[in-house]
Structure formats: C-alpha cells, structure tokens
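Raw contents of query-v9.pdb, PDB, C-alpha atoms:
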```
ATOM      1  CA  MET K   1      35.952  -5.622 -22.895
ATOM      2  CA  THR K   2      33.969  -8.640 -24.038
ATOM      3  CA  PHE K   3      30.449  -8.499 -25.406
ATOM      4  CA  LEU K   4      29.140 -10.402 -22.340
ATOM      5  CA  THR K   5      30.801  -7.923 -19.970
ATOM      6  CA  LYS K   6      29.169  -5.020 -21.836
ATOM      7  CA  ILE K   7      25.735  -6.646 -21.500
ATOM      8  CA  ILE K   8      26.240  -7.279 -17.777
ATOM      9  CA  LEU K   9      27.409  -3.700 -17.161
ATOM     10  CA  THR K  10      24.492  -2.322 -19.215
ATOM     11  CA  LEU K  11      21.975  -4.394 -17.234
ATOM     12  CA  LEU K  12      23.604  -3.377 -13.957
ATOM     13  CA  GLY K  13      23.439   0.289 -14.942
ATOM     14  CA  LEU K  14      19.788  -0.085 -15.954
ATOM     15  CA  CYS K  15      18.936  -1.714 -12.622
ATOM     16  CA  LEU K  16      20.673   1.092 -10.718
ATOM     17  CA  PHE K  17      18.868   3.733 -12.789
ATOM     18  CA  VAL K  18      15.413   2.146 -12.293
ATOM     19  CA  GLY K  19      16.064   1.529  -8.585
ATOM     20  CA  GLY K  20      17.256   5.106  -8.132
ATOM     21  CA  PHE K  21      14.219   6.450  -9.979
ATOM     22  CA  PHE K  22      11.795   4.626  -7.701
ATOM     23  CA  TRP K  23      13.756   5.600  -4.589
ATOM     24  CA  VAL K  24      13.594   9.291  -5.557
ATOM     25  CA  LYS K  25       9.913   8.955  -6.436
ATOM     26  CA  ASN K  26       9.090   7.360  -3.062
ATOM     27  CA  TYR K  27      11.234   9.910  -1.217
ATOM     28  CA  LEU K  28       9.509  12.841  -2.903
ATOM     29  CA  TYR K  29       6.078  11.296  -2.251
ATOM     30  CA  ALA K  30       6.858  10.687   1.422
ATOM     31  CA  SER K  31       8.165  14.245   1.825
ATOM     32  CA  THR K  32       4.784  15.635   0.730
ATOM     33  CA  LEU K  33       2.887  13.739   3.450
ATOM     34  CA  THR K  34       2.070  15.313   6.791
ATOM     35  CA  PHE K  35       2.579  12.855   9.613
ATOM     36  CA  ALA K  36       0.749  13.034  12.915
ATOM     37  CA  PRO K  37       2.506  14.697  15.865
ATOM     38  CA  THR K  38       3.082  12.870  19.145
ATOM     39  CA  PRO K  39       0.005  13.000  21.421
ATOM     40  CA  THR K  40       0.163  15.462  24.304
ATOM     41  CA  CYS K  41      -2.574  14.063  26.568
ATOM     42  CA  LYS K  42      -1.722  12.064  29.713
ATOM     43  CA  LEU K  43      -2.025   8.398  28.806
ATOM     44  CA  GLN K  44      -2.483   5.341  30.978
ATOM     45  CA  THR K  45      -2.303   1.578  30.598
ATOM     46  CA  SER K  46      -5.430   0.189  28.818
ATOM     47  CA  ASP K  47      -6.067   3.331  26.738
ATOM     48  CA  ILE K  48      -6.855   2.394  23.137
ATOM     49  CA  ILE K  49      -5.132   3.998  20.162
ATOM     50  CA  PHE K  50      -6.475   3.979  16.584
ATOM     51  CA  ARG K  51      -4.147   4.703  13.666
ATOM     52  CA  LYS K  52      -4.450   5.596   9.977
ATOM     53  CA  GLU K  53      -1.619   5.629   7.453
ATOM     54  CA  ASN K  54      -1.447   6.832   3.860
ATOM     55  CA  ASN K  55      -0.906   3.559   1.990
ATOM     56  CA  HIS K  56      -2.912   0.956   0.080
ATOM     57  CA  LEU K  57      -3.007  -1.590   2.917
ATOM     58  CA  SER K  58      -4.298   1.004   5.358
ATOM     59  CA  GLU K  59      -7.018   1.977   2.877
ATOM     60  CA  LEU K  60      -7.990  -1.677   2.412
ATOM     61  CA  PHE K  61      -8.464  -2.278   6.131
ATOM     62  CA  SER K  62     -10.406   0.988   6.485
ATOM     63  CA  GLN K  63     -12.798  -0.049   3.733
ATOM     64  CA  MET K  64     -13.376  -3.524   5.185
ATOM     65  CA  ASP K  65     -15.602  -2.146   7.937
ATOM     66  CA  ASN K  66     -16.173   1.460   6.815
ATOM     67  CA  SER K  67     -13.906   2.705   9.567
ATOM     68  CA  PHE K  68     -11.710   5.745   9.117
ATOM     69  CA  TYR K  69      -8.902   4.019  11.019
ATOM     70  CA  SER K  70      -7.035   0.919   9.879
ATOM     71  CA  HIS K  71      -5.071  -0.289  12.919
ATOM     72  CA  ILE K  72      -5.512  -0.433  16.677
ATOM     73  CA  GLY K  73      -3.398  -1.055  19.767
ATOM     74  CA  VAL K  74      -3.407  -0.523  23.524
ATOM     75  CA  ILE K  75      -1.227   1.638  25.739
ATOM     76  CA  LEU K  76       1.145   0.024  28.236
ATOM     77  CA  GLU K  77       2.872   2.454  30.583
ATOM     78  CA  GLU K  78       6.076   1.312  32.261
ATOM     79  CA  ASN K  79       8.884   3.274  33.915
ATOM     80  CA  ASN K  80       7.550   6.572  32.524
ATOM     81  CA  GLN K  81       7.720   5.123  29.002
ATOM     82  CA  THR K  82       4.570   5.040  26.880
ATOM     83  CA  ASN K  83       4.434   1.903  24.755
ATOM     84  CA  VAL K  84       1.850   0.459  22.394
ATOM     85  CA  LEU K  85       1.011  -3.247  22.349
ATOM     86  CA  HIS K  86      -0.402  -4.363  19.009
ATOM     87  CA  VAL K  87      -0.457  -7.207  16.474
ATOM     88  CA  GLU K  88       0.979  -6.775  12.992
ATOM     89  CA  LEU K  89       2.146  -9.369  10.480
ATOM     90  CA  SER K  90       5.945  -9.357  10.310
ATOM     91  CA  ASN K  91       8.874 -11.305   8.893
ATOM     92  CA  ASP K  92      10.591 -11.933  12.246
ATOM     93  CA  ASN K  93       7.901 -14.259  13.698
ATOM     94  CA  LYS K  94       7.142 -11.661  16.369
ATOM     95  CA  ASP K  95       3.714 -10.456  15.307
ATOM     96  CA  VAL K  96       2.742  -9.219  18.793
ATOM     97  CA  LYS K  97       4.805  -6.092  19.283
ATOM     98  CA  LYS K  98       5.473  -3.636  22.070
ATOM     99  CA  GLU K  99       6.955  -0.433  20.710
ATOM    100  CA  SER K 100       7.194   3.177  21.774
ATOM    101  CA  LEU K 101       4.278   5.475  21.013
ATOM    102  CA  THR K 102       6.550   7.524  18.730
ATOM    103  CA  SER K 103       7.535   4.437  16.760
ATOM    104  CA  PHE K 104       3.920   3.244  16.498
ATOM    105  CA  LEU K 105       2.868   6.598  15.013
ATOM    106  CA  ARG K 106       5.929   7.208  12.815
ATOM    107  CA  TYR K 107       3.988   6.788   9.546
ATOM    108  CA  ALA K 108       0.550   7.718  10.851
ATOM    109  CA  THR K 109      -1.314  10.557   9.197
ATOM    110  CA  HIS K 110      -4.159  10.399  11.732
ATOM    111  CA  TYR K 111      -4.793   8.886  15.148
ATOM    112  CA  GLU K 112      -7.320   8.906  17.977
ATOM    113  CA  ILE K 113      -6.920   7.797  21.567
ATOM    114  CA  LYS K 114      -9.881   6.612  23.631
ATOM    115  CA  ARG K 115     -10.375   5.563  27.267
ATOM    116  CA  TYR K 116     -13.010   3.429  28.937
ATOM    117  CA  ASN K 117     -15.233   5.718  31.028
ATOM    118  CA  ALA K 118     -14.969   3.750  34.290
ATOM    119  CA  PRO K 119     -12.064   3.043  36.664
ATOM    120  CA  LEU K 120     -10.035   0.007  35.557
ATOM    121  CA  ASP K 121      -7.249  -1.939  37.274
ATOM    122  CA  SER K 122      -4.323  -1.194  34.977
ATOM    123  CA  SER K 123      -2.000  -3.628  36.788
ATOM    124  CA  ILE K 124      -4.115  -6.641  35.717
ATOM    125  CA  PHE K 125      -4.268  -5.301  32.168
ATOM    126  CA  TYR K 126      -0.496  -4.810  32.081
ATOM    127  CA  LYS K 127       0.101  -8.321  33.420
ATOM    128  CA  ASN K 128      -2.197  -9.891  30.797
ATOM    129  CA  GLY K 129      -0.678  -7.801  28.010
ATOM    130  CA  SER K 130       2.844  -8.789  29.042
ATOM    131  CA  PHE K 131       1.830 -12.457  29.109
ATOM    132  CA  ILE K 132       0.476 -12.281  25.545
ATOM    133  CA  LEU K 133       3.664 -10.521  24.428
ATOM    134  CA  GLN K 134       5.762 -13.270  25.992
ATOM    135  CA  ARG K 135       3.584 -16.048  24.528
ATOM    136  CA  GLN K 136       3.845 -14.514  21.019
ATOM    137  CA  PRO K 137       0.747 -15.848  19.228
ATOM    138  CA  VAL K 138       1.099 -15.459  15.461
ATOM    139  CA  PHE K 139      -0.946 -13.132  13.284
ATOM    140  CA  ASP K 140      -4.329 -14.657  12.468
ATOM    141  CA  LEU K 141      -4.573 -14.513   8.686
ATOM    142  CA  ALA K 142      -8.014 -16.173   8.854
ATOM    143  CA  PHE K 143      -9.318 -13.436  11.212
ATOM    144  CA  ASP K 144     -10.885 -16.164  13.351
ATOM    145  CA  ALA K 145     -11.864 -14.768  16.755
ATOM    146  CA  ASN K 146     -12.434 -18.297  18.114
ATOM    147  CA  THR K 147      -8.737 -19.243  18.172
ATOM    148  CA  SER K 148      -6.443 -18.454  21.098
ATOM    149  CA  ASP K 149      -3.111 -19.317  19.457
ATOM    150  CA  LYS K 150      -3.513 -16.628  16.780
ATOM    151  CA  LEU K 151      -4.568 -12.984  17.033
ATOM    152  CA  TYR K 152      -5.232  -9.935  14.865
ATOM    153  CA  CYS K 153      -5.179  -6.317  16.055
ATOM    154  CA  THR K 154      -8.793  -5.830  17.162
ATOM    155  CA  GLU K 155      -8.932  -9.331  18.613
ATOM    156  CA  LEU K 156      -5.950  -8.518  20.853
ATOM    157  CA  VAL K 157      -7.754  -5.480  22.275
ATOM    158  CA  GLU K 158     -11.002  -7.413  22.744
ATOM    159  CA  VAL K 159      -9.223 -10.350  24.419
ATOM    160  CA  LEU K 160      -7.296  -8.094  26.809
ATOM    161  CA  TYR K 161     -10.404  -6.201  27.919
ATOM    162  CA  ARG K 162     -12.377  -9.415  28.358
ATOM    163  CA  GLN K 163      -9.617 -11.202  30.294
ATOM    164  CA  SER K 164      -8.703  -8.195  32.432
ATOM    165  CA  PHE K 165     -12.081  -6.611  33.153
ATOM    166  CA  GLY K 166     -14.808  -8.914  31.821
ATOM    167  CA  ILE K 167     -15.694  -6.221  29.263
ATOM    168  CA  ASP K 168     -16.742  -6.914  25.663
ATOM    169  CA  LEU K 169     -15.725  -3.837  23.690
ATOM    170  CA  SER K 170     -17.065  -4.955  20.321
ATOM    171  CA  THR K 171     -20.536  -3.493  19.782
ATOM    172  CA  HIS K 172     -21.556  -5.688  16.849
ATOM    173  CA  ASN K 173     -20.488  -8.629  14.699
ATOM    174  CA  SER K 174     -18.818  -7.660  11.451
ATOM    175  CA  ARG K 175     -18.700  -9.674   8.262
ATOM    176  CA  TYR K 176     -16.379  -9.450   5.254
ATOM    177  CA  GLY K 177     -17.187 -12.052   2.621
ATOM    178  CA  HIS K 178     -17.592 -15.295   4.556
ATOM    179  CA  ILE K 179     -15.523 -14.076   7.555
ATOM    180  CA  ASN K 180     -17.060 -12.947  10.849
ATOM    181  CA  TYR K 181     -14.529 -10.792  12.646
ATOM    182  CA  ILE K 182     -14.087  -8.034  15.245
ATOM    183  CA  SER K 183     -13.895  -4.779  13.318
ATOM    184  CA  ILE K 184     -12.199  -1.529  14.279
ATOM    185  CA  ALA K 185     -15.529   0.288  13.922
ATOM    186  CA  SER K 186     -17.214  -2.114  16.354
ATOM    187  CA  ILE K 187     -14.720  -1.070  19.056
ATOM    188  CA  PHE K 188     -14.405   2.579  18.045
ATOM    189  CA  ASN K 189     -18.195   3.086  18.284
ATOM    190  CA  ASN K 190     -18.467   1.674  21.809
ATOM    191  CA  THR K 191     -20.284   4.414  23.762
ATOM    192  CA  HIS K 192     -18.276   3.636  26.921
ATOM    193  CA  LEU K 193     -15.117   4.897  25.225
ATOM    194  CA  ILE K 194     -14.387   8.591  25.474
ATOM    195  CA  SER K 195     -12.024  10.388  23.122
ATOM    196  CA  LEU K 196      -8.900  11.859  24.744
ATOM    197  CA  GLU K 197      -7.111  13.230  21.689
ATOM    198  CA  LYS K 198      -7.237  12.976  17.924
ATOM    199  CA  TYR K 199      -5.298  14.253  14.955
TER     200      TYR K 199
END
```

Could you take the file, read its structure, and then write that structure out as structure tokens?
Amino acid sequence: MTFLTKIILTLLGLCLFVGGFFWVKNYLYASTLTFAPTPTCKLQTSDIIFRKENNHLSELFSQMDNSFYSHIGVILEENNQTNVLHVELSNDNKDVKKESLTSFLRYATHYEIKRYNAPLDSSIFYKNGSFILQRQPVFDLAFDANTSDKLYCTELVEVLYRQSFGIDLSTHNSRYGHINYISIASIFNNTHLISLEKY
C-alpha cells in the first residue's frame, strides 16, 4: 500500500467518522423533540394555518415580528384531501407548494388554525389558489409586497383573501430594518379570525 493510498484511506475514514457523528447527533436531537399531532377539527378551503418549528430559521422569522409562529399557509380541500398552499424557498424552482396537511406539519412543534368569521365563497378562493400554484411565482427574497411576480408566505395569504373576497387581513404595516412587509402577527391578530384548533 502506497503512502498516498494510506492518506486517502485515512481521510476517507475521518470523513465517514465525522459524518456519522453528526448524523447520530442530529438523530438523537430529533428524537427528543415532540412534534405536533394532526389537527382533528373539520377544515375548509380558505382556513389559515400557522406553524412553528424547532430550528434556527423558524426562530429568526418568529423574532422578526414578535410572533410565536414562523410560517403560514391556507387550506385547500379537494376530493376529501386536506392540502396546504404555501410559499417556501426551495431548490426545485417550485416555491409555491401544495402539500398534504400531514406533510406540512411533519416538523412542526406547534400550530394554530384560524377561520374568517363570516361566510366565504370557497370555490373562488380555490380557483385563485390553483391559478397561483400553476403560475408558480418565485419566493420574494426582498419581501416586497408591491410585486406580483414574487411572493412570500404572508403575502400569498393576503393576496388570496384580497383577490377572492376583497378582504385585507393584515392589521398593520410591519417593518424590519428598511423593509416594509406583511408580518405573520399582522394576520394572526386580525379580530375577524377565530381560532379553530391549536397545539
């Protein structure tokens, strides 16, 4: 065995050891977390779901607007399947996502579901939500609520309610540094939203 081969094998073994160490560490950490159970309340299209996870990014978004929750989406019911429409930065260029409620909450440690306290036409909401999903605007890294070709999570919810029902959910303008944006707290604190279930 040559000296170079020994070095390569040593480095390979070191990489496997370090990688294995961090995998075990992350596995043990994840196994100590308590994840939220699936909601049991009867949901309908246009209900709003707030989510909190136990990670640094979730904490950062919570602290931006002093909200307990860090992400938001809307319920779309179809064929007895409860889905969540939301916007999240991803590597596959599909930042607007429709996924099952179970998948949306798979890493959530807390959630709350709210409903607007007046009758709403869910078919219009579903149609508008499906159109946005098909159009696939990208994630708005600038958090600019004045653009229509880019969206972030709270902006999606605000846009859908405004387009579908003429309702502005955001109760106040939020500012982070030089950015004016629609915060989770500004929607969560809307007095027209009633809580259906929380964990």

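Closest approach to K:Thr102 among K:Thr38, K:Asn180, K:Ser148, K:Asn189 is made by K:Thr38 (distances from all atoms listed in the file).
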
Using the chain letters and numbers from the file, which residues does the PyMOL selection byres ((chain K and resi 187) around 9) grab, as an mmCIF file with C-alpha atoms, in the coordinates of the input?
```
data_model
loop_
_atom_site.group_PDB
_atom_site.id
_atom_site.type_symbol
_atom_site.label_atom_id
_atom_site.label_comp_id
_atom_site.auth_asym_id
_atom_site.auth_seq_id
_atom_site.Cartn_x
_atom_site.Cartn_y
_atom_site.Cartn_z
ATOM 1 C CA THR K 154 -8.793 -5.830 17.162
ATOM 2 C CA VAL K 157 -7.754 -5.480 22.275
ATOM 3 C CA GLU K 158 -11.002 -7.413 22.744
ATOM 4 C CA LEU K 169 -15.725 -3.837 23.690
ATOM 5 C CA SER K 170 -17.065 -4.955 20.321
ATOM 6 C CA THR K 171 -20.536 -3.493 19.782
ATOM 7 C CA HIS K 172 -21.556 -5.688 16.849
ATOM 8 C CA ILE K 182 -14.087 -8.034 15.245
ATOM 9 C CA SER K 183 -13.895 -4.779 13.318
ATOM 10 C CA ILE K 184 -12.199 -1.529 14.279
ATOM 11 C CA ALA K 185 -15.529 0.288 13.922
ATOM 12 C CA SER K 186 -17.214 -2.114 16.354
ATOM 13 C CA PHE K 188 -14.405 2.579 18.045
ATOM 14 C CA ASN K 189 -18.195 3.086 18.284
ATOM 15 C CA ASN K 190 -18.467 1.674 21.809
ATOM 16 C CA LEU K 193 -15.117 4.897 25.225
#
```

For the point (-10.3, -3.0, 32.1) in file coordinates, what residues are within 9 Å, counting all atoms listed in the file? Give the answer as a list in words?
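In the file's frame, the residues around the point are Ser46, Tyr116, Ala118, Pro119, Leu120, Asp121, Ser122, Ile124, Phe125, Leu160, Tyr161, Arg162, Gln163, Ser164, Phe165, Gly166 and Ile167 of chain K.
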
Export of prior selection with C-alpha atoms as an mmCIF file, keeping the file's coordinate frame:
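Listed below is the output, again13.cif:
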```cif
data_model
loop_
_atom_site.group_PDB
_atom_site.id
_atom_site.type_symbol
_atom_site.label_atom_id
_atom_site.label_comp_id
_atom_site.auth_asym_id
_atom_site.auth_seq_id
_atom_site.Cartn_x
_atom_site.Cartn_y
_atom_site.Cartn_z
ATOM 1 C CA SER K 46 -5.430 0.189 28.818
ATOM 2 C CA TYR K 116 -13.010 3.429 28.937
ATOM 3 C CA ALA K 118 -14.969 3.750 34.290
ATOM 4 C CA PRO K 119 -12.064 3.043 36.664
ATOM 5 C CA LEU K 120 -10.035 0.007 35.557
ATOM 6 C CA ASP K 121 -7.249 -1.939 37.274
ATOM 7 C CA SER K 122 -4.323 -1.194 34.977
ATOM 8 C CA ILE K 124 -4.115 -6.641 35.717
ATOM 9 C CA PHE K 125 -4.268 -5.301 32.168
ATOM 10 C CA LEU K 160 -7.296 -8.094 26.809
ATOM 11 C CA TYR K 161 -10.404 -6.201 27.919
ATOM 12 C CA ARG K 162 -12.377 -9.415 28.358
ATOM 13 C CA GLN K 163 -9.617 -11.202 30.294
ATOM 14 C CA SER K 164 -8.703 -8.195 32.432
ATOM 15 C CA PHE K 165 -12.081 -6.611 33.153
ATOM 16 C CA GLY K 166 -14.808 -8.914 31.821
ATOM 17 C CA ILE K 167 -15.694 -6.221 29.263
#
```

Distance criterion (all atoms listed in the file): nearest to K:Arg115 out of K:Asn54, K:Ser174, K:Val159, K:Val74
K:Val74

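Distances to K:Ile72 were evaluated for K:Ser130, K:Asp140, K:Cys153, K:Lys42 using all atoms listed in the file, and the minimum falls at K:Cys153.
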
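Every residue that the PyMOL selection byres ((chain K and resi 134) around 12) selects in this file is listed here: Leu85, Lys94, Asp95, Val96, Lys97, Lys98, Lys127, Asn128, Gly129, Ser130, Phe131, Ile132, Leu133, Arg135, Gln136, Pro137 and Val138 of chain K.
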
A straight line from atom CA of K:Ala36 to atom CA of K:Tyr69 spans 13.3 Å

Please provide as a list in words all residues within 6 Å of K:Leu76, with the sequence filter that same-chain residues fewer than 3 positions apart are discarded (counting only C-alpha atoms).
Thr45, Asn83 and Val84 of chain K

Run the PyMOL selection byres ((chain K and resi 179) around 12) against the file shown and list the residues it catches, as a ChimeraX atom specification.
/K:64-65,141-146,173-178,180-183

How would the residues just chosen look if you wrote them out with C-alpha atoms as a PDB file, keeping the file's coordinate frame?
```pdb
ATOM      1  CA  MET K  64     -13.376  -3.524   5.185  1.00  0.00           C
ATOM      2  CA  ASP K  65     -15.602  -2.146   7.937  1.00  0.00           C
ATOM      3  CA  LEU K 141      -4.573 -14.513   8.686  1.00  0.00           C
ATOM      4  CA  ALA K 142      -8.014 -16.173   8.854  1.00  0.00           C
ATOM      5  CA  PHE K 143      -9.318 -13.436  11.212  1.00  0.00           C
ATOM      6  CA  ASP K 144     -10.885 -16.164  13.351  1.00  0.00           C
ATOM      7  CA  ALA K 145     -11.864 -14.768  16.755  1.00  0.00           C
ATOM      8  CA  ASN K 146     -12.434 -18.297  18.114  1.00  0.00           C
ATOM      9  CA  ASN K 173     -20.488  -8.629  14.699  1.00  0.00           C
ATOM     10  CA  SER K 174     -18.818  -7.660  11.451  1.00  0.00           C
ATOM     11  CA  ARG K 175     -18.700  -9.674   8.262  1.00  0.00           C
ATOM     12  CA  TYR K 176     -16.379  -9.450   5.254  1.00  0.00           C
ATOM     13  CA  GLY K 177     -17.187 -12.052   2.621  1.00  0.00           C
ATOM     14  CA  HIS K 178     -17.592 -15.295   4.556  1.00  0.00           C
ATOM     15  CA  ASN K 180     -17.060 -12.947  10.849  1.00  0.00           C
ATOM     16  CA  TYR K 181     -14.529 -10.792  12.646  1.00  0.00           C
ATOM     17  CA  ILE K 182     -14.087  -8.034  15.245  1.00  0.00           C
ATOM     18  CA  SER K 183     -13.895  -4.779  13.318  1.00  0.00           C
TER      19      SER K 183
END
```

When you count all atoms listed in the file, which of these residues is closest to K:Asp168: K:Lys150, K:Ile113, K:His192, K:Pro37?
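Using all atoms listed in the file, K:Asp168 sits closest to K:His192.
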
What does the structure give for the distance between atom CA of K:Asn117 and atom CA of K:Cys41, in Å to one decimal?
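We find that atom CA of K:Asn117 and atom CA of K:Cys41 lie 15.8 Å from each other.
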
Distance atom CA of K:Thr109-atom CA of K:Tyr126, one decimal place?
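If I compute the distance from atom CA of K:Thr109 to atom CA of K:Tyr126, I get 27.6 Å.
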
Distance criterion (only C-alpha atoms): nearest to K:Ser195 out of K:Asp47, K:Glu99, K:Glu59, K:Asp149:
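Of K:Asp47, K:Glu99, K:Glu59, K:Asp149, the one nearest K:Ser195, counting only C-alpha atoms, is K:Asp47.
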
Enclosing box along x, y and z for every listed atom of stretch 170-186 of chain K, padded 5 Å each side, centre and size in Å, one decimal, as AutoDock Vina command-line options:
```
--center_x -16.9 --center_y -7.5 --center_z 11.5 --size_x 19.4 --size_y 25.6 --size_z 27.7
```

For K:Glu88, which of K:Lys52, K:Tyr111, K:Thr40, K:Tyr152 is the closest residue, counting all atoms listed in the file?
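Nearest candidate to K:Glu88 out of K:Lys52, K:Tyr111, K:Thr40, K:Tyr152: K:Tyr152.
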